[in-house]
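Coordinates as given in input_16.txt (compact mmCIF, C-alpha atoms):
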```txt
# COMPACT_ATOMS: atom_id res chain seq x y z
CA MET H 1 127.13 145.79 226.04
CA ILE H 2 124.67 148.66 226.63
CA GLU H 3 122.61 148.48 229.81
CA LYS H 4 118.84 148.42 229.38
CA ASP H 5 117.92 151.32 231.69
CA LYS H 6 119.01 154.85 230.90
CA ILE H 7 120.30 157.04 233.72
CA SER H 8 120.00 160.81 233.35
CA ILE H 9 122.76 162.69 235.16
CA VAL H 10 121.88 166.33 235.81
CA VAL H 11 124.85 168.68 236.26
CA PRO H 12 123.98 172.31 237.11
CA VAL H 13 126.79 174.52 235.79
CA TYR H 14 127.55 178.08 236.88
CA ASN H 15 130.98 179.72 236.58
CA VAL H 16 132.98 176.56 237.25
CA GLU H 17 135.39 176.50 234.30
CA GLU H 18 138.22 175.49 236.64
CA PHE H 19 136.41 172.42 237.99
CA LEU H 20 134.00 171.35 235.25
CA PRO H 21 136.44 169.18 233.24
CA ARG H 22 137.22 167.02 236.27
CA CYS H 23 133.51 166.57 236.97
CA VAL H 24 132.51 165.74 233.39
CA GLU H 25 135.49 163.43 232.83
CA SER H 26 134.54 161.44 235.94
CA ILE H 27 131.05 160.95 234.47
CA LEU H 28 132.38 159.97 231.04
CA LYS H 29 134.57 157.30 232.69
CA GLN H 30 131.60 155.55 234.30
CA SER H 31 131.57 151.77 234.04
CA TYR H 32 127.78 151.99 233.50
CA LYS H 33 127.45 153.26 229.93
CA ASN H 34 123.78 153.92 229.23
CA LEU H 35 123.95 157.52 230.42
CA GLU H 36 122.32 160.76 229.37
CA ILE H 37 124.49 163.61 230.67
CA LEU H 38 122.60 166.91 230.98
CA LEU H 39 124.83 169.95 231.44
CA ILE H 40 122.57 172.80 232.54
CA ASP H 41 124.45 176.06 231.98
CA ASP H 42 122.71 178.39 234.41
CA GLY H 43 123.74 181.67 232.77
CA SER H 44 127.48 181.32 233.35
CA THR H 45 129.56 184.46 232.71
CA ASP H 46 132.91 182.65 232.43
CA ASN H 47 134.00 179.97 229.96
CA SER H 48 131.80 177.25 231.44
CA GLY H 49 129.15 177.41 228.71
CA THR H 50 131.76 177.01 225.96
CA LEU H 51 133.29 174.04 227.78
CA CYS H 52 129.85 172.42 227.93
CA ASP H 53 129.35 172.90 224.18
CA ASN H 54 132.78 171.44 223.42
CA TYR H 55 131.99 168.34 225.46
CA ALA H 56 128.69 167.92 223.65
CA LYS H 57 130.41 168.12 220.25
CA ASN H 58 132.67 165.21 221.15
CA ASN H 59 130.23 163.05 223.13
CA GLN H 60 126.87 161.93 221.76
CA ASN H 61 125.41 161.26 225.20
CA ILE H 62 125.97 164.84 226.43
CA ARG H 63 123.19 167.37 226.01
CA VAL H 64 123.72 171.02 226.87
CA HIS H 65 120.99 173.47 227.87
CA HIS H 66 121.83 177.16 228.24
CA LYS H 67 119.39 179.10 230.39
CA LYS H 68 119.03 182.37 232.21
CA ASN H 69 120.56 182.31 235.69
CA GLY H 70 118.02 181.07 238.22
CA GLY H 71 120.15 179.39 240.86
CA LEU H 72 120.94 175.79 241.75
CA SER H 73 117.34 174.74 242.45
CA ASP H 74 116.11 176.16 239.16
CA ALA H 75 118.91 174.41 237.23
CA ARG H 76 118.13 171.06 238.87
CA ASN H 77 114.43 171.49 238.16
CA TYR H 78 115.23 172.29 234.53
CA GLY H 79 117.30 169.11 234.34
CA ILE H 80 114.45 167.04 235.78
CA GLU H 81 112.12 168.41 233.08
CA LYS H 82 114.58 167.57 230.30
CA ALA H 83 115.63 164.14 231.58
CA THR H 84 114.50 161.17 229.48
CA GLY H 85 116.09 158.40 231.56
CA ASN H 86 114.38 155.89 233.81
CA TYR H 87 116.56 157.13 236.69
CA ILE H 88 118.04 160.46 237.73
CA ALA H 89 121.23 161.43 239.54
CA PHE H 90 122.48 164.92 240.40
CA ILE H 91 126.18 165.80 240.35
CA ASP H 92 127.37 169.26 241.43
CA SER H 93 129.77 170.64 238.84
CA ASP H 94 132.71 171.14 241.20
CA ASP H 95 132.42 167.58 242.56
CA TYR H 96 133.30 164.26 240.94
CA ILE H 97 132.41 160.59 241.20
CA ALA H 98 134.06 157.18 241.37
CA GLU H 99 134.12 155.03 238.23
CA ASP H 100 131.47 152.63 239.57
CA TYR H 101 129.18 155.32 241.03
CA CYS H 102 126.30 154.68 238.61
CA LYS H 103 126.86 150.93 238.39
CA ILE H 104 126.79 150.29 242.14
CA LEU H 105 123.89 152.64 242.85
CA TYR H 106 121.88 151.14 239.99
CA ASN H 107 122.62 147.53 240.90
CA ASN H 108 121.65 148.12 244.53
CA LEU H 109 118.46 149.88 243.53
CA ILE H 110 117.41 147.01 241.25
CA LYS H 111 118.54 144.20 243.57
CA TYR H 112 116.71 145.56 246.60
CA GLU H 113 113.73 146.93 244.63
CA ALA H 114 114.32 150.39 246.07
CA ASP H 115 113.17 153.80 244.90
CA ILE H 116 116.30 155.64 246.01
CA SER H 117 119.86 154.28 246.17
CA ILE H 118 122.41 156.12 248.34
CA CYS H 119 126.19 155.91 248.72
CA ALA H 120 128.72 157.28 251.20
CA PHE H 121 130.79 160.34 250.28
CA ILE H 122 133.90 162.19 251.44
CA LYS H 123 134.82 165.84 251.53
CA THR H 124 137.92 166.49 249.48
CA ASP H 125 140.37 169.22 248.54
CA GLY H 126 140.86 167.53 245.19
CA LYS H 127 144.45 166.60 245.98
CA ASN H 128 144.40 163.66 248.35
CA ASP H 129 141.60 161.18 247.78
CA ASN H 130 143.28 158.12 249.19
CA ILE H 131 140.65 156.23 251.15
CA GLU H 132 140.65 152.88 252.85
CA GLU H 133 138.52 150.31 251.10
CA ASN H 134 135.67 149.12 253.28
CA LYS H 135 133.88 145.85 253.05
CA GLU H 136 130.54 146.80 251.57
CA GLN H 137 127.65 146.93 253.98
CA ILE H 138 124.15 147.35 252.62
CA THR H 139 121.31 148.78 254.68
CA THR H 140 117.71 149.07 253.55
CA TYR H 141 115.16 151.42 255.06
CA THR H 142 111.39 151.35 254.93
CA GLY H 143 108.63 153.39 256.50
CA ILE H 144 109.45 155.68 259.40
CA ASP H 145 113.16 154.74 259.49
CA LYS H 146 113.80 156.88 256.40
CA GLN H 147 112.38 159.92 258.15
CA LYS H 148 114.35 159.15 261.32
CA ASN H 149 117.56 159.33 259.29
CA ILE H 150 116.78 162.94 258.41
CA LEU H 151 116.79 163.76 262.12
CA ASN H 152 119.77 161.70 263.33
CA HIS H 153 123.48 161.20 262.55
CA MET H 154 122.55 160.06 259.01
CA ASN H 155 121.12 163.51 258.25
CA THR H 156 123.68 164.75 255.72
CA ILE H 157 123.94 161.45 253.85
CA THR H 158 120.14 161.25 253.66
CA THR H 159 119.46 164.89 252.84
CA VAL H 160 121.92 165.97 250.12
CA ALA H 161 120.79 165.51 246.52
CA TRP H 162 124.00 164.32 244.93
CA ASN H 163 124.98 160.94 246.43
CA LYS H 164 121.85 159.24 245.15
CA LEU H 165 120.16 157.53 242.26
CA TYR H 166 116.39 158.09 242.07
CA ARG H 167 113.65 156.41 240.14
CA LYS H 168 112.39 159.15 237.81
CA GLU H 169 108.86 159.01 239.23
CA MET H 170 110.16 160.17 242.62
CA TRP H 171 110.17 163.65 241.09
CA ASP H 172 106.61 163.56 239.83
CA ASN H 173 104.90 166.69 241.25
CA LEU H 174 108.01 167.50 243.29
CA ARG H 175 110.62 170.19 242.61
CA TYR H 176 113.28 172.16 244.45
CA PRO H 177 112.20 175.59 245.75
CA LYS H 178 113.58 178.26 243.44
CA GLY H 179 115.78 180.95 244.96
CA LYS H 180 116.44 179.12 248.23
CA ILE H 181 119.71 177.88 249.65
CA ASN H 182 119.70 174.65 251.67
CA GLU H 183 117.26 173.55 248.99
CA ASP H 184 117.76 169.86 249.81
CA GLU H 185 116.26 170.40 253.27
CA PHE H 186 112.97 171.50 251.70
CA VAL H 187 112.37 168.32 249.69
CA VAL H 188 114.02 165.39 251.46
CA HIS H 189 111.09 164.51 253.75
CA TYR H 190 108.75 164.46 250.72
CA LEU H 191 111.14 162.17 248.82
CA MET H 192 111.49 159.79 251.75
CA HIS H 193 107.73 159.81 252.21
CA LYS H 194 107.18 158.82 248.57
CA ALA H 195 109.86 156.13 248.56
CA LYS H 196 108.68 152.65 249.55
CA LYS H 197 112.26 151.52 250.13
CA VAL H 198 115.69 153.18 250.29
CA VAL H 199 119.00 151.31 250.03
CA TYR H 200 122.35 152.58 251.34
CA THR H 201 125.92 151.39 250.71
CA ASN H 202 128.84 152.45 252.89
CA ILE H 203 131.16 152.42 249.85
CA ILE H 204 132.47 155.93 249.11
CA LEU H 205 131.54 156.81 245.54
CA TYR H 206 131.10 160.60 245.64
CA TYR H 207 133.76 163.27 246.16
CA TYR H 208 132.38 166.48 247.60
CA TYR H 209 134.85 169.23 246.76
CA GLN H 210 135.31 172.02 249.29
CA ARG H 211 136.16 175.38 247.77
CA ALA H 212 136.48 178.76 249.43
CA ASN H 213 133.81 180.60 247.40
CA SER H 214 131.11 177.94 247.34
CA ILE H 215 127.57 178.87 248.41
CA MET H 216 128.01 177.48 251.93
CA LYS H 217 131.41 179.16 252.40
CA LYS H 218 130.22 182.67 251.62
CA LYS H 219 130.05 185.35 254.29
CA PHE H 220 127.07 184.93 256.59
CA SER H 221 123.91 186.73 255.51
CA SER H 222 120.24 186.49 256.31
CA GLU H 223 119.60 184.38 253.18
CA ARG H 224 120.90 181.50 255.27
CA PHE H 225 117.66 181.76 257.24
CA ASP H 226 116.05 179.71 254.44
CA VAL H 227 117.04 176.61 256.35
CA ILE H 228 114.85 177.71 259.26
CA ASP H 229 111.84 177.74 256.93
CA ALA H 230 112.81 174.26 255.71
CA PHE H 231 112.96 172.92 259.27
CA GLN H 232 109.62 174.53 260.06
CA GLU H 233 108.02 172.96 256.98
CA ARG H 234 109.37 169.54 257.97
CA TRP H 235 107.97 169.86 261.49
CA GLN H 236 104.58 170.82 260.03
CA PHE H 237 104.79 167.90 257.59
CA TYR H 238 105.28 165.42 260.44
CA LYS H 239 102.48 167.12 262.35
CA GLU H 240 100.08 166.62 259.44
CA HIS H 241 101.03 162.96 258.84
CA LYS H 242 99.95 160.75 261.73
CA GLU H 243 102.41 157.99 260.83
CA TYR H 244 105.25 160.34 261.82
CA LYS H 245 103.77 161.52 265.09
CA GLU H 246 106.71 160.17 267.11
CA LEU H 247 109.05 162.44 265.10
CA GLU H 248 107.05 165.63 265.57
CA GLY H 249 108.69 166.61 268.86
CA LYS H 250 112.24 166.06 267.62
CA ALA H 251 111.54 167.95 264.39
CA TYR H 252 110.12 170.85 266.40
CA CYS H 253 113.15 170.82 268.69
CA LEU H 254 115.58 170.92 265.73
CA TYR H 255 113.59 173.77 264.21
CA MET H 256 113.89 175.79 267.42
CA LYS H 257 117.60 175.01 267.70
CA MET H 258 118.07 176.24 264.14
CA ILE H 259 116.52 179.57 265.11
CA ILE H 260 118.92 179.78 268.08
CA SER H 261 121.94 178.95 265.89
CA ASN H 262 121.06 181.67 263.43
CA TYR H 263 120.38 184.12 266.26
CA ILE H 264 123.92 183.50 267.53
CA LEU H 265 125.35 183.88 264.01
CA SER H 266 123.42 187.13 263.58
CA LYS H 267 124.85 188.34 266.86
CA LYS H 268 128.40 187.46 265.79
CA ASN H 269 127.89 189.30 262.50
CA LYS H 270 126.21 192.29 264.20
CA LEU H 271 122.92 191.90 262.31
CA GLN H 272 120.74 193.50 264.97
CA ASN H 273 117.55 193.59 262.94
CA ASP H 274 117.85 189.90 262.08
CA LYS H 275 118.50 189.09 265.72
CA LYS H 276 115.30 190.84 266.70
CA LYS H 277 113.23 189.03 264.06
CA LEU H 278 114.62 185.65 265.03
CA LEU H 279 113.93 186.22 268.71
CA GLU H 280 110.36 187.25 267.92
CA ARG H 281 109.91 184.12 265.83
CA TYR H 282 111.35 181.93 268.57
CA ARG H 283 109.08 183.38 271.23
CA GLU H 284 106.05 182.92 269.00
CA GLU H 285 106.90 179.25 268.34
CA TYR H 286 107.85 178.56 271.97
CA LYS H 287 104.17 178.13 272.79
CA ASN H 288 104.41 174.68 271.15
CA LYS H 289 107.02 173.48 273.67
CA LYS H 290 104.57 171.00 275.22
CA MET H 291 105.47 168.46 272.54
CA ILE H 292 109.03 168.15 273.90
CA THR H 293 109.36 165.20 276.25
CA ASN H 294 113.13 165.30 276.73
CA ILE H 295 113.80 167.30 279.93
CA LYS H 296 117.32 168.39 278.91
CA GLU H 297 116.05 169.75 275.60
CA LYS H 298 113.18 171.53 277.34
CA ILE H 299 115.64 173.21 279.74
CA LYS H 300 117.85 174.36 276.85
CA LEU H 301 114.95 175.85 274.91
CA SER H 302 113.54 177.50 278.04
CA SER H 303 116.95 178.96 278.92
CA PHE H 304 117.15 180.71 275.57
CA TYR H 305 113.55 181.88 275.81
CA PHE H 306 114.09 183.64 279.14
CA LEU H 307 117.78 184.60 278.83
CA PRO H 308 118.71 184.80 275.13
CA GLU H 309 121.78 187.01 275.57
CA ILE H 310 123.27 185.03 278.45
CA TYR H 311 122.53 181.74 276.69
CA SER H 312 124.11 182.86 273.40
CA ASN H 313 127.17 184.32 275.18
CA LEU H 314 127.70 181.00 276.94
CA LYS H 315 127.38 179.08 273.67
CA VAL H 316 129.91 181.34 271.94
CA GLY H 317 132.27 181.09 274.93
CA ILE H 318 132.12 177.28 274.94
CA GLU H 319 132.65 177.22 271.18
CA ASN H 320 135.75 179.43 271.48
CA VAL H 321 137.21 177.23 274.22
CA ARG H 322 136.75 174.14 272.05
CA LYS H 323 138.42 175.87 269.10
CA ASN H 324 141.39 176.91 271.23
CA ILE H 325 141.79 173.39 272.63
CA LYS H 326 141.63 171.93 269.13
CA LYS H 327 144.17 174.48 267.88
CA SER H 328 146.60 173.79 270.72
CA MET H 329 146.31 170.01 270.20
CA SER H 330 147.13 170.36 266.48
CA LYS H 331 150.39 172.22 267.14
```
If you took the structure in this file and wrote it as structure tokens, what would it be?
Amino acid sequence: MIEKDKISIVVPVYNVEEFLPRCVESILKQSYKNLEILLIDDGSTDNSGTLCDNYAKNNQNIRVHHKKNGGLSDARNYGIEKATGNYIAFIDSDDYIAEDYCKILYNNLIKYEADISICAFIKTDGKNDNIEENKEQITTYTGIDKQKNILNHMNTITTVAWNKLYRKEMWDNLRYPKGKINEDEFVVHYLMHKAKKVVYTNIILYYYYQRANSIMKKKFSSERFDVIDAFQERWQFYKEHKEYKELEGKAYCLYMKMIISNYILSKKNKLQNDKKKLLERYREEYKNKKMITNIKEKIKLSSFYFLPEIYSNLKVGIENVRKNIKKSMSK
């Protein structure tokens, strides 16, 4: 039996010949069968493009698009343009999914009349994926609660692109920013704003593979400052939308903390020019501190404003103590 609604699965592919078969095979094994699998070869220089073509030859529901390298955001955007399904999911090419990933996300989305369906995920080394089965718990979110999840302990689950099924229209007039890392941070508040309802299951259906040379594992560089711009945009978004006024202060606070974090990382990596720019940016934005109502947070931000070197040295010292304690406990 073929399901009525087609799901387009967008898989950006770039130099992942070692991991791509595991990813694609996990999609081909889906219990939900009405799938359009879009392999977007983003200018790979290894054997990834050939692997994509071979899969397409043997599977009618796989379509391959070879394009000039433009980065992850560009590849996802290309996939959105080419998708013909009623729903879209994104799978990173070094990750993989459970057999019922599409089925459960789709069923929840339909049952609860949601615009976005989300599942839990685990980080994996690809060797030991034994997980305890949980009794499924479903949570639905409407209105401001979806935006709150971006700012609380649900941040990662809410923000990442790949543990979700979206109604196709969620991407109307919305795309990932090309050339940015932390691209998910730039779009999530727009998605949650557009969605009338979001449904979440605590069942783990997505396996997020951790590899040494992934984007987020690379040596620190100033391109990581993109996330600061994303946090600033989110704060401004809440500022401009009166329905999110109660979130404005927290979003501002997280934006300022992100500047501090990157200042400390710049200091660790001896990027003096970046340190200077970040401090200038912080001091310029500090004038908006009046929106912070939490006294503890206000003290922290003020401490960095007046004593950035002492504050950052203390943070690094505390971090090192915690690492040493953790290391000694693991022996």
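Take the candidates H:Val10, H:Ile88, H:Ile110, H:Val64 and check each one against H:Trp171 using all atoms listed in the file; the shortest distance goes to H:Ile88.
Remark: for H:Gly70, the closest of the candidate residues H:Asp53, H:Glu133, H:Asp42, H:Asp94 is H:Asp42 (distances computed over all atoms listed in the file).
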Which is closer to H:Leu28 than all the others in H:Asn77, H:Thr158, H:Asn58, H:Ser303, using all atoms listed in the file? H:Asn58
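Considering all atoms listed in the file, the residue among H:Arg234, H:Leu35, H:Ser328, H:Arg167 positioned nearest to H:Lys148 is H:Arg234.
From atom CA of H:Ser312 back to atom CA of H:Lys250, the distance works out to 21.4 Å.
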Determine, counting all atoms listed in the file, which protein, DNA and RNA residues have an atom within 8 Å of an atom of H:Tyr112; residues of the same chain fewer than 4 positions away are not included. Present the result as a PyMOL selection string. chain H and resi 108+140+199
Residues near stretch 265-277 of chain H, anyone? I mean within 12 Å using only C-alpha atoms, not counting same-chain ones fewer than 4 positions away, as a ChimeraX atom specification. /H:219-225,258-261,281-284,308-309,312-313,315-317
Any idea what's packed within 6 Å of stretch 118-122 of chain H, counting all atoms listed in the file, ignoring anything in its chain fewer than 4 positions away? Could you give it as a ChimeraX atom specification? /H:163-164,200-208
Residue nearest H:Tyr78 among H:Tyr141, H:Tyr96, H:Tyr166, H:Tyr176 (counting all atoms listed in the file): H:Tyr176
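Each of H:Asn324, H:Met192, H:Lys290, H:Leu151 was compared to H:Leu247 using only C-alpha atoms, and H:Leu151 turns out to be the nearest.
What separates atom CA of H:Asn155 from atom CA of H:Phe231 is a distance of 12.5 Å.
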Skipping near chain neighbours, those fewer than 5 positions away, what residues fall within 12 Å of H:Asn152 using all atoms listed in the file, listed as a ChimeraX atom specification? /H:145-147,157-159,247,250-251,254
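Going from atom CA of H:Tyr209 over to atom CA of H:Leu20, you cover 11.7 Å.
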Residue neighbourhood H:Lys239, 12 Å, only C-alpha atoms, exclusion window fewer than 6 positions, as a compact mmCIF listing (two decimals) with C-alpha atoms, in the coordinates of the input:
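Resulting contents of selection.txt:
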```txt
# COMPACT_ATOMS: atom_id res chain seq x y z
CA GLN H 232 109.62 174.53 260.06
CA GLU H 233 108.02 172.96 256.98
CA LYS H 245 103.77 161.52 265.09
CA GLU H 246 106.71 160.17 267.11
CA LEU H 247 109.05 162.44 265.10
CA GLU H 248 107.05 165.63 265.57
CA GLY H 249 108.69 166.61 268.86
CA LYS H 250 112.24 166.06 267.62
CA ALA H 251 111.54 167.95 264.39
CA TYR H 252 110.12 170.85 266.40
CA ASN H 288 104.41 174.68 271.15
CA MET H 291 105.47 168.46 272.54
```
